[in-house]
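File shown: my_file-v7.tsv (TSV, C-alpha atoms).
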```
chain	number	residue	atom	x	y	z
A	1	MET	CA	9.38	23.96	-42.24
A	2	SER	CA	10.11	26.33	-39.34
A	3	PRO	CA	10.58	30.10	-39.87
A	4	SER	CA	14.31	29.60	-39.35
A	5	ASP	CA	14.40	27.51	-42.52
A	6	LYS	CA	12.85	30.37	-44.49
A	7	ILE	CA	15.37	33.03	-43.42
A	8	SER	CA	18.85	31.94	-44.38
A	9	ARG	CA	22.08	33.57	-43.27
A	10	ARG	CA	23.37	33.43	-46.85
A	11	ALA	CA	20.40	35.48	-48.07
A	12	PHE	CA	21.75	38.53	-46.27
A	13	ALA	CA	25.50	37.90	-46.40
A	14	GLY	CA	26.07	39.97	-49.53
A	15	LEU	CA	24.11	43.08	-48.49
A	16	ALA	CA	25.96	46.32	-47.74
A	17	ALA	CA	26.28	47.21	-44.11
A	18	GLY	CA	24.68	50.65	-44.24
A	19	ALA	CA	25.41	51.00	-40.53
A	20	VAL	CA	24.64	54.30	-38.86
A	21	LEU	CA	27.72	55.47	-37.02
A	22	LEU	CA	27.29	56.19	-33.36
A	23	PRO	CA	28.90	59.15	-31.62
A	24	SER	CA	32.67	58.98	-31.34
A	25	THR	CA	32.34	58.98	-27.56
A	26	ALA	CA	30.95	55.44	-27.73
A	27	GLN	CA	33.96	54.31	-29.75
A	28	SER	CA	36.30	56.04	-27.32
A	29	ALA	CA	34.58	54.38	-24.37
A	30	SER	CA	35.01	50.99	-25.99
A	31	ARG	CA	38.69	51.55	-26.63
A	32	SER	CA	39.18	52.88	-23.11
A	33	SER	CA	37.43	49.89	-21.54
A	34	SER	CA	39.64	47.48	-23.47
A	35	ARG	CA	42.65	48.83	-21.54
A	36	HIS	CA	41.10	47.79	-18.24
A	37	LEU	CA	39.59	44.39	-18.91
A	38	PRO	CA	38.13	42.58	-15.89
A	39	ARG	CA	39.94	39.38	-14.99
A	40	THR	CA	37.33	37.51	-12.97
A	41	LEU	CA	34.96	35.34	-14.99
A	42	LEU	CA	31.37	36.34	-14.23
A	43	LYS	CA	28.47	33.91	-14.48
A	44	PRO	CA	24.92	35.15	-15.04
A	45	PRO	CA	22.10	34.23	-12.66
A	46	ARG	CA	20.32	30.99	-13.50
A	47	LEU	CA	16.97	30.94	-15.28
A	48	HIS	CA	13.82	29.94	-13.36
A	49	ALA	CA	10.49	28.65	-14.65
A	50	GLY	CA	8.18	31.52	-15.47
A	51	ASP	CA	10.99	34.05	-15.94
A	52	VAL	CA	10.84	36.75	-18.61
A	53	ILE	CA	13.06	36.18	-21.64
A	54	GLY	CA	13.86	39.17	-23.81
A	55	LEU	CA	13.84	38.72	-27.58
A	56	VAL	CA	16.41	40.67	-29.61
A	57	ALA	CA	17.54	40.67	-33.24
A	58	PRO	CA	21.11	42.05	-33.22
A	59	GLY	CA	21.87	40.81	-36.74
A	60	GLY	CA	19.55	39.92	-39.60
A	61	ARG	CA	16.05	41.34	-40.03
A	62	ILE	CA	13.01	39.33	-38.98
A	63	ASN	CA	9.27	39.43	-39.68
A	64	ASP	CA	6.04	39.04	-37.74
A	65	GLU	CA	5.87	35.33	-38.51
A	66	ALA	CA	9.29	34.82	-36.94
A	67	ILE	CA	8.32	36.84	-33.87
A	68	THR	CA	5.10	34.85	-33.42
A	69	TYR	CA	7.06	31.60	-33.66
A	70	ALA	CA	9.71	32.78	-31.17
A	71	VAL	CA	7.14	33.97	-28.62
A	72	ALA	CA	5.22	30.69	-28.88
A	73	ARG	CA	8.43	28.75	-28.37
A	74	ILE	CA	9.33	30.69	-25.24
A	75	GLU	CA	5.85	30.21	-23.79
A	76	ALA	CA	5.89	26.48	-24.61
A	77	LEU	CA	9.06	26.19	-22.53
A	78	GLY	CA	7.31	27.74	-19.54
A	79	PHE	CA	8.69	31.27	-19.77
A	80	ARG	CA	7.31	34.69	-20.71
A	81	ALA	CA	8.47	36.73	-23.68
A	82	LYS	CA	9.27	40.44	-23.90
A	83	LEU	CA	9.99	42.04	-27.25
A	84	SER	CA	12.78	44.59	-27.65
A	85	THR	CA	11.67	48.04	-28.76
A	86	ASN	CA	13.19	47.88	-32.25
A	87	LEU	CA	12.59	44.19	-32.93
A	88	ARG	CA	10.60	44.93	-36.11
A	89	ALA	CA	13.02	47.58	-37.40
A	90	VAL	CA	14.51	47.11	-40.87
A	91	HIS	CA	17.67	48.60	-42.33
A	92	GLY	CA	18.45	46.78	-45.56
A	93	GLY	CA	19.05	43.18	-44.54
A	94	TYR	CA	19.63	44.14	-40.91
A	95	ALA	CA	17.18	44.33	-38.00
A	96	GLY	CA	17.47	48.10	-37.75
A	97	SER	CA	20.41	50.48	-37.68
A	98	VAL	CA	23.46	49.88	-35.53
A	99	GLN	CA	22.08	52.44	-33.06
A	100	GLN	CA	18.72	50.64	-32.80
A	101	ARG	CA	20.29	47.22	-32.31
A	102	VAL	CA	22.76	48.47	-29.68
A	103	ASP	CA	19.95	50.30	-27.88
A	104	ASP	CA	17.90	47.10	-27.74
A	105	LEU	CA	20.81	45.10	-26.39
A	106	HIS	CA	21.59	47.67	-23.69
A	107	ALA	CA	17.91	47.98	-22.75
A	108	MET	CA	17.50	44.24	-22.30
A	109	PHE	CA	20.58	44.00	-20.08
A	110	THR	CA	19.36	46.85	-17.84
A	111	ASP	CA	15.70	45.76	-17.73
A	112	ARG	CA	15.25	44.20	-14.28
A	113	GLU	CA	12.23	42.20	-15.42
A	114	VAL	CA	14.25	40.38	-18.09
A	115	LYS	CA	16.24	37.39	-16.79
A	116	ALA	CA	17.72	36.12	-20.07
A	117	ILE	CA	18.24	37.46	-23.59
A	118	TRP	CA	17.50	35.18	-26.54
A	119	CYS	CA	18.48	36.12	-30.07
A	120	VAL	CA	15.69	35.42	-32.54
A	121	ARG	CA	18.20	34.58	-35.29
A	122	GLY	CA	21.73	35.22	-36.44
A	123	GLY	CA	22.09	36.45	-40.00
A	124	SER	CA	24.68	39.17	-40.43
A	125	GLY	CA	25.66	42.48	-38.86
A	126	CYS	CA	26.54	41.75	-35.23
A	127	ILE	CA	30.18	42.61	-35.80
A	128	SER	CA	29.16	46.23	-36.50
A	129	LEU	CA	27.87	46.58	-32.93
A	130	LEU	CA	31.05	45.62	-31.10
A	131	ALA	CA	32.76	49.03	-30.95
A	132	HIS	CA	29.57	50.64	-29.64
A	133	ILE	CA	28.57	48.27	-26.85
A	134	ASP	CA	28.92	49.42	-23.24
A	135	TYR	CA	30.70	46.39	-21.77
A	136	ALA	CA	30.80	47.92	-18.28
A	137	LEU	CA	27.00	48.15	-18.40
A	138	ILE	CA	26.79	44.48	-19.37
A	139	ARG	CA	29.14	43.38	-16.60
A	140	ALA	CA	27.11	45.40	-14.09
A	141	ASN	CA	23.92	43.66	-15.25
A	142	PRO	CA	24.96	40.05	-15.99
A	143	LYS	CA	22.37	37.98	-17.85
A	144	ILE	CA	22.20	34.92	-20.05
A	145	LEU	CA	22.79	35.73	-23.73
A	146	LEU	CA	21.86	32.79	-25.97
A	147	GLY	CA	22.29	32.21	-29.70
A	148	TYR	CA	24.68	31.04	-32.39
A	149	SER	CA	25.82	31.81	-35.95
A	150	ASP	CA	26.40	35.58	-36.30
A	151	ILE	CA	25.76	35.94	-32.55
A	152	SER	CA	29.27	34.51	-32.07
A	153	ALA	CA	30.63	38.03	-32.62
A	154	LEU	CA	28.68	39.34	-29.62
A	155	GLN	CA	29.51	36.35	-27.46
A	156	LEU	CA	33.25	36.53	-28.05
A	157	ALA	CA	33.32	40.30	-27.54
A	158	ILE	CA	31.32	40.12	-24.30
A	159	LEU	CA	33.49	37.31	-22.99
A	160	LYS	CA	36.64	39.24	-23.84
A	161	GLN	CA	35.57	42.72	-22.73
A	162	ALA	CA	33.13	42.00	-19.88
A	163	ARG	CA	34.35	38.51	-18.89
A	164	LEU	CA	30.73	37.35	-18.80
A	165	VAL	CA	29.84	33.75	-19.68
A	166	THR	CA	27.64	33.64	-22.79
A	167	PHE	CA	25.92	30.66	-24.41
A	168	HIS	CA	26.39	29.19	-27.89
A	169	GLY	CA	23.11	27.36	-28.39
A	170	PRO	CA	19.78	27.45	-30.21
A	171	VAL	CA	18.31	30.71	-31.47
A	172	ALA	CA	14.64	31.35	-30.82
A	173	LEU	CA	13.86	30.36	-34.43
A	174	SER	CA	15.60	26.99	-34.15
A	175	GLY	CA	13.38	24.02	-34.91
A	176	PRO	CA	12.10	22.09	-31.88
A	177	SER	CA	14.33	19.30	-30.60
A	178	ASP	CA	14.06	17.36	-27.34
A	179	TYR	CA	17.83	16.89	-27.30
A	180	ALA	CA	18.53	20.62	-27.76
A	181	VAL	CA	15.96	21.68	-25.17
A	182	GLU	CA	17.17	19.15	-22.59
A	183	HIS	CA	20.79	20.28	-22.70
A	184	MET	CA	19.94	23.97	-23.07
A	185	LEU	CA	17.72	24.05	-20.00
A	186	ALA	CA	20.11	21.88	-17.99
A	187	VAL	CA	22.92	24.38	-18.56
A	188	LEU	CA	20.80	27.52	-18.10
A	189	MET	CA	18.56	26.45	-15.19
A	190	HIS	CA	20.34	23.81	-13.12
A	191	PRO	CA	23.87	24.70	-11.92
A	192	GLN	CA	25.94	21.55	-11.46
A	193	ASP	CA	29.56	20.99	-10.53
A	194	SER	CA	29.82	18.48	-13.39
A	195	TYR	CA	27.52	17.95	-16.36
A	196	THR	CA	28.22	15.42	-19.11
A	197	ILE	CA	26.85	15.92	-22.62
A	198	PRO	CA	26.65	12.95	-25.01
A	199	MET	CA	26.29	13.49	-28.73
A	200	ALA	CA	22.80	13.39	-30.29
A	201	VAL	CA	21.65	9.98	-31.48
A	202	GLU	CA	19.53	11.73	-34.13
A	203	ASN	CA	22.65	13.15	-35.77
A	204	SER	CA	24.32	9.74	-35.86
A	205	ARG	CA	21.26	8.31	-37.59
A	206	ARG	CA	21.33	11.09	-40.14
A	207	ALA	CA	25.00	10.32	-40.80
A	208	LEU	CA	23.94	7.09	-42.50
A	209	LEU	CA	22.76	9.18	-45.46
A	210	GLU	CA	24.78	12.37	-44.90
A	211	PRO	CA	28.37	11.48	-43.96
A	212	HIS	CA	29.26	14.98	-42.71
A	213	PHE	CA	27.02	14.27	-39.71
A	214	SER	CA	29.39	11.46	-38.69
A	215	LEU	CA	31.48	11.65	-35.53
A	216	ARG	CA	35.17	11.55	-36.42
A	217	THR	CA	38.19	11.36	-34.16
A	218	VAL	CA	41.29	12.62	-35.95
A	219	THR	CA	43.52	12.69	-32.86
A	220	SER	CA	42.35	10.84	-29.76
A	221	GLY	CA	42.77	11.81	-26.13
A	222	GLN	CA	41.36	13.90	-23.31
A	223	ALA	CA	41.78	17.64	-22.87
A	224	THR	CA	40.67	20.19	-20.29
A	225	GLY	CA	40.28	23.92	-20.77
A	226	PRO	CA	37.79	26.77	-21.08
A	227	LEU	CA	35.33	26.57	-23.97
A	228	ILE	CA	36.07	29.22	-26.61
A	229	GLY	CA	34.77	29.51	-30.16
A	230	GLY	CA	31.65	29.75	-32.28
A	231	ASN	CA	30.93	30.28	-35.94
A	232	LEU	CA	34.20	29.86	-37.85
A	233	SER	CA	33.83	32.86	-40.17
A	234	LEU	CA	33.17	35.18	-37.19
A	235	VAL	CA	35.97	33.74	-35.02
A	236	SER	CA	38.28	34.34	-37.97
A	237	ALA	CA	36.93	37.82	-38.70
A	238	LEU	CA	37.67	38.99	-35.15
A	239	MET	CA	41.35	38.07	-35.31
A	240	GLY	CA	43.47	41.21	-34.98
A	241	THR	CA	40.71	43.12	-33.15
A	242	PRO	CA	40.18	43.83	-29.42
A	243	TYR	CA	37.46	41.16	-29.47
A	244	ALA	CA	39.50	38.25	-30.81
A	245	ALA	CA	39.25	34.85	-29.16
A	246	ASP	CA	42.35	33.86	-27.21
A	247	PHE	CA	42.05	30.10	-27.54
A	248	ARG	CA	45.47	29.20	-26.16
A	249	LYS	CA	45.04	26.28	-23.72
A	250	ALA	CA	41.30	26.32	-24.49
A	251	ILE	CA	38.94	23.82	-26.06
A	252	LEU	CA	38.37	25.61	-29.36
A	253	PHE	CA	34.98	24.78	-30.87
A	254	LEU	CA	34.08	25.82	-34.42
A	255	GLU	CA	31.15	25.31	-36.78
A	256	GLU	CA	30.05	26.61	-40.17
A	257	VAL	CA	27.21	26.33	-42.71
A	258	ASN	CA	26.76	26.90	-46.44
A	259	GLU	CA	30.45	27.52	-47.08
A	260	ALA	CA	32.75	25.87	-49.62
A	261	PRO	CA	35.78	23.89	-48.38
A	262	TYR	CA	38.24	26.47	-49.72
A	263	ARG	CA	36.73	29.12	-47.45
A	264	ILE	CA	36.85	26.76	-44.47
A	265	ASP	CA	40.53	26.20	-45.31
A	266	ARG	CA	41.17	29.95	-45.48
A	267	TRP	CA	39.58	30.71	-42.13
A	268	LEU	CA	41.29	27.84	-40.32
A	269	THR	CA	44.58	28.97	-41.82
A	270	GLN	CA	43.96	32.49	-40.52
A	271	LEU	CA	43.38	31.14	-36.99
A	272	ASP	CA	46.54	29.09	-37.28
A	273	LEU	CA	48.58	32.09	-38.48
A	274	ALA	CA	47.12	34.43	-35.86
A	275	VAL	CA	47.35	32.26	-32.74
A	276	GLY	CA	48.35	28.74	-33.75
A	277	LEU	CA	45.87	25.88	-33.56
A	278	ARG	CA	48.55	23.80	-31.84
A	279	HIS	CA	48.32	26.12	-28.82
A	280	ALA	CA	44.70	25.11	-28.12
A	281	ALA	CA	44.02	22.37	-25.58
A	282	ALA	CA	41.78	20.64	-28.13
A	283	LEU	CA	40.00	21.38	-31.39
A	284	MET	CA	36.34	20.42	-31.66
A	285	ILE	CA	34.54	20.91	-34.97
A	286	GLY	CA	30.75	20.76	-35.04
A	287	ILE	CA	28.54	19.61	-37.87
A	288	CYS	CA	29.28	21.85	-40.86
A	289	ASP	CA	26.12	21.43	-42.90
A	290	LYS	CA	26.07	22.16	-46.64
A	291	CYS	CA	29.82	22.77	-46.71
A	292	GLY	CA	30.72	20.49	-49.60
A	293	PRO	CA	32.36	21.52	-52.89
A	294	GLU	CA	30.45	24.03	-55.01
A	295	ASP	CA	29.32	23.24	-58.55
A	296	GLU	CA	31.79	21.08	-60.45
A	297	GLU	CA	34.95	23.01	-59.66
A	298	PRO	CA	37.91	20.88	-58.47
A	299	SER	CA	37.90	20.82	-54.68
A	300	LEU	CA	38.89	18.90	-51.62
A	301	THR	CA	36.00	17.45	-49.62
A	302	LEU	CA	35.05	18.95	-46.28
A	303	ASP	CA	36.78	16.14	-44.36
A	304	GLU	CA	39.93	16.43	-46.48
A	305	THR	CA	39.97	20.17	-45.81
A	306	LEU	CA	39.53	19.73	-42.07
A	307	ASP	CA	42.24	17.07	-42.02
A	308	LEU	CA	44.74	19.54	-43.50
A	309	HIS	CA	44.51	21.36	-40.17
A	310	LEU	CA	43.56	18.62	-37.70
A	311	LYS	CA	45.96	15.84	-38.65
A	312	PRO	CA	49.20	17.74	-37.95
A	313	LEU	CA	48.01	18.48	-34.40
A	314	VAL	CA	49.05	16.44	-31.38
A	315	ILE	CA	46.15	17.79	-29.32
A	316	PRO	CA	42.78	15.96	-29.31
A	317	ALA	CA	40.93	16.86	-32.52
A	318	VAL	CA	37.44	15.78	-33.57
A	319	SER	CA	34.68	16.71	-36.00
A	320	GLY	CA	30.97	16.06	-36.37
A	321	TYR	CA	30.07	16.94	-32.79
A	322	SER	CA	26.48	17.94	-32.05
A	323	PHE	CA	26.57	21.71	-32.38
A	324	GLY	CA	26.23	24.16	-35.24
A	325	HIS	CA	23.50	25.10	-37.71
A	326	ILE	CA	21.56	21.94	-36.90
A	327	ARG	CA	18.39	21.10	-35.02
A	328	HIS	CA	19.89	18.64	-32.51
A	329	GLN	CA	22.57	20.77	-30.86
A	330	PHE	CA	23.86	21.11	-27.32
A	331	THR	CA	24.59	24.42	-25.60
A	332	LEU	CA	28.19	25.48	-24.96
A	333	PRO	CA	28.91	28.12	-22.28
A	334	LEU	CA	31.84	30.25	-23.41
A	335	GLY	CA	34.55	30.65	-20.78
A	336	VAL	CA	33.49	27.69	-18.64
A	337	MET	CA	35.98	24.91	-17.92
A	338	ALA	CA	35.22	21.66	-19.70
A	339	ARG	CA	36.77	18.33	-20.63
A	340	LEU	CA	36.68	16.66	-24.06
A	341	ASP	CA	36.92	12.86	-24.08
A	342	THR	CA	37.31	11.58	-27.64
A	343	ALA	CA	37.09	7.90	-26.69
A	344	ARG	CA	33.67	8.36	-25.06
A	345	GLN	CA	32.64	11.11	-27.50
A	346	ILE	CA	31.42	13.36	-24.71
A	347	VAL	CA	31.93	16.90	-23.43
A	348	THR	CA	31.79	17.44	-19.66
A	349	LEU	CA	31.29	20.85	-18.10
A	350	LEU	CA	33.50	20.97	-15.01
A	351	GLU	CA	31.75	23.85	-13.28
A	352	PRO	CA	28.32	25.50	-13.30
A	353	ALA	CA	27.71	27.94	-16.14
A	354	VAL	CA	25.21	30.03	-14.14
A	355	SER	CA	25.11	31.22	-10.55
```
Take the structure in this file and express it as structure tokens.
Amino acid sequence: MSPSDKISRRAFAGLAAGAVLLPSTAQSASRSSSRHLPRTLLKPPRLHAGDVIGLVAPGGRINDEAITYAVARIEALGFRAKLSTNLRAVHGGYAGSVQQRVDDLHAMFTDREVKAIWCVRGGSGCISLLAHIDYALIRANPKILLGYSDISALQLAILKQARLVTFHGPVALSGPSDYAVEHMLAVLMHPQDSYTIPMAVENSRRALLEPHFSLRTVTSGQATGPLIGGNLSLVSALMGTPYAADFRKAILFLEEVNEAPYRIDRWLTQLDLAVGLRHAAALMIGICDKCGPEDEEPSLTLDETLDLHLKPLVIPAVSGYSFGHIRHQFTLPLGVMARLDTARQIVTLLEPAVS
């Protein structure tokens, strides 16, 4: 069992925020910057073998065992690790106060030695940072930001406010997977005009015993658009804020873990009410692990719940694709143009994600 299996997102979900408020000037700066959003999509520099990767924990708290695991993983991939100053900080269930976590994020973006920023884990608490981040600083120092789960809040905010491509992919605590590493490094290290990603064979094998790992096509077809999305609960939570995902004419990708079908239904309904799922170019649902009915209460299944929202759509709509809280996941660059082909069950990036 990897350290990521021992630190669950649900374990911290119910803890009080206890966030330390930053000076009002930071909030004012954030609001001011939102009035002058950059329009040009910015791609971070590619990663090279031997580069320094900065480790941050912008959400849930971590321990020395997790840090040791993350550093060893970075070194095994041929890179060098640098720990953020407050990586071992603890504030309830969070990895330090809001101030400490924002300071670490800013420091890693401005550190010239650091070429990419890898989140050790997700957890909870990233949403509290959004109003205090200096998005102009991030745009002036573009770097790869990699992670998933609660990190979706940071990724969507940075894409919206700084127009910087970020990467929904493994966290540093993710279990080792040849499939995940292959597609992560291909996207981060090797810019290509076109890069096709097939779904993981390992997930299809697992589907024989766990049907929610199965690839399903609800509405067939091809669609092209920028990749937008992330963890469903966070995408939903940001609706109505300056950091909300505008998924109109985009390939909207969503995933979730450890949530009952009625909550999945609620969040998808919120996205539909706020923007309209029909306005997306396509809807791509990842593998939503442990999202079946709870206890013995009457409930729709996960697939029945998804179908409430996918079946009325005329746009391509699929589920069970190889991303989410799973070991064998591919990396999705937010903001980059891509094409979904439901017949071939592939996603093709139509431009490089890094410069």
Using all atoms listed in the file, can you tell me which of A:Leu41, A:Leu238, A:Ala116, A:Ala162 comes closest to Ala140 (chain A)? A:Ala162
Could you check how far CA of Pro226 (chain A) sits from CA of Ile138 (chain A), in Å to one decimal?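 If I compute the distance from CA of Pro226 (chain A) to CA of Ile138 (chain A), I get 20.9 Å.
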Which distance in Å separates CA of Arg339 (chain A) and CA of His190 (chain A), to one decimal?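 Atom-to-atom, CA of Arg339 (chain A) and CA of His190 (chain A) are spaced 18.9 Å apart.
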If I put a ball of radius 12 Å at (28.9, 10.1, -39.5) in the file's coordinates, which residues poke into it when counting only C-alpha atoms, written as a ChimeraX atom specification? /A:199-217,286-288,303,318-322
Go ahead and compute the interatomic distance for CA of Leu146 (chain A) and CA of Gly123 (chain A), in Å to one decimal.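 Calculated distance between CA of Leu146 (chain A) and CA of Gly123 (chain A) is 14.5 Å.
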I want to know what sits within 12 Å of Ala244 (chain A), based on only C-alpha atoms, with residues of the same chain fewer than 6 positions away left out; could you give that as a list in words? Ser34, Ile127, Leu130, Ser152, Ala153, Leu154, Gln155, Leu156, Ala157, Ile158, Leu159, Lys160, Gln161, Ile228, Gly229, Gly230, Leu234, Val235, Ser236, Ala237, Leu238, Leu271, Ala274 and Val275 of chain A
For Phe79 (chain A): contacts at 8 Å, only C-alpha atoms, fewer than 3 positions along chain excluded, given as a PyMOL selection string: chain A and resi 49-53+74-76
Around region 221-240 of chain A, fit a box with edges along x, y and z, padding it by 5 Å on each side, then list its centre and edge lengths in Å to one decimal as JSON.
```
{"center_x": 37.2, "center_y": 26.5, "center_z": -30.2, "size_x": 22.5, "size_y": 39.4, "size_z": 29.9}
```
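For the residues A:Cys291, A:Glu259, A:Gly221, A:Leu77, ranking by smallest atom-to-atom distance to Arg344 (chain A) using all atoms listed in the file places A:Gly221 first.
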Given the choices A:Pro261, A:Gly59, A:Gly240, A:Pro45, which gets closest to Asn141 (chain A) if the distance is worked out from only C-alpha atoms? A:Pro45
When distances are computed from only C-alpha atoms, which of A:Met337, A:Ile315, A:Glu65, A:Leu273 shows the smallest separation from Glu351 (chain A)? A:Met337
Counting all atoms listed in the file, which residues have an atom no more than 7 Å from (35.7, 46.1, -17.4) in the file's coordinates? Please list them as a compact mmCIF listing (two decimals) with C-alpha atoms, in the coordinates of the input.
```txt
# COMPACT_ATOMS: atom_id res chain seq x y z
CA SER A 33 37.43 49.89 -21.54
CA HIS A 36 41.10 47.79 -18.24
CA LEU A 37 39.59 44.39 -18.91
CA PRO A 38 38.13 42.58 -15.89
CA TYR A 135 30.70 46.39 -21.77
CA ALA A 136 30.80 47.92 -18.28
CA GLN A 161 35.57 42.72 -22.73
CA ALA A 162 33.13 42.00 -19.88
```
Can you work out which one of A:Asp64, A:Asp289, A:Asp272, A:Asp111 has the shortest atom-to-atom distance to Ile326 (chain A), counting all atoms listed in the file?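 Using all atoms listed in the file, Ile326 (chain A) sits closest to A:Asp289.
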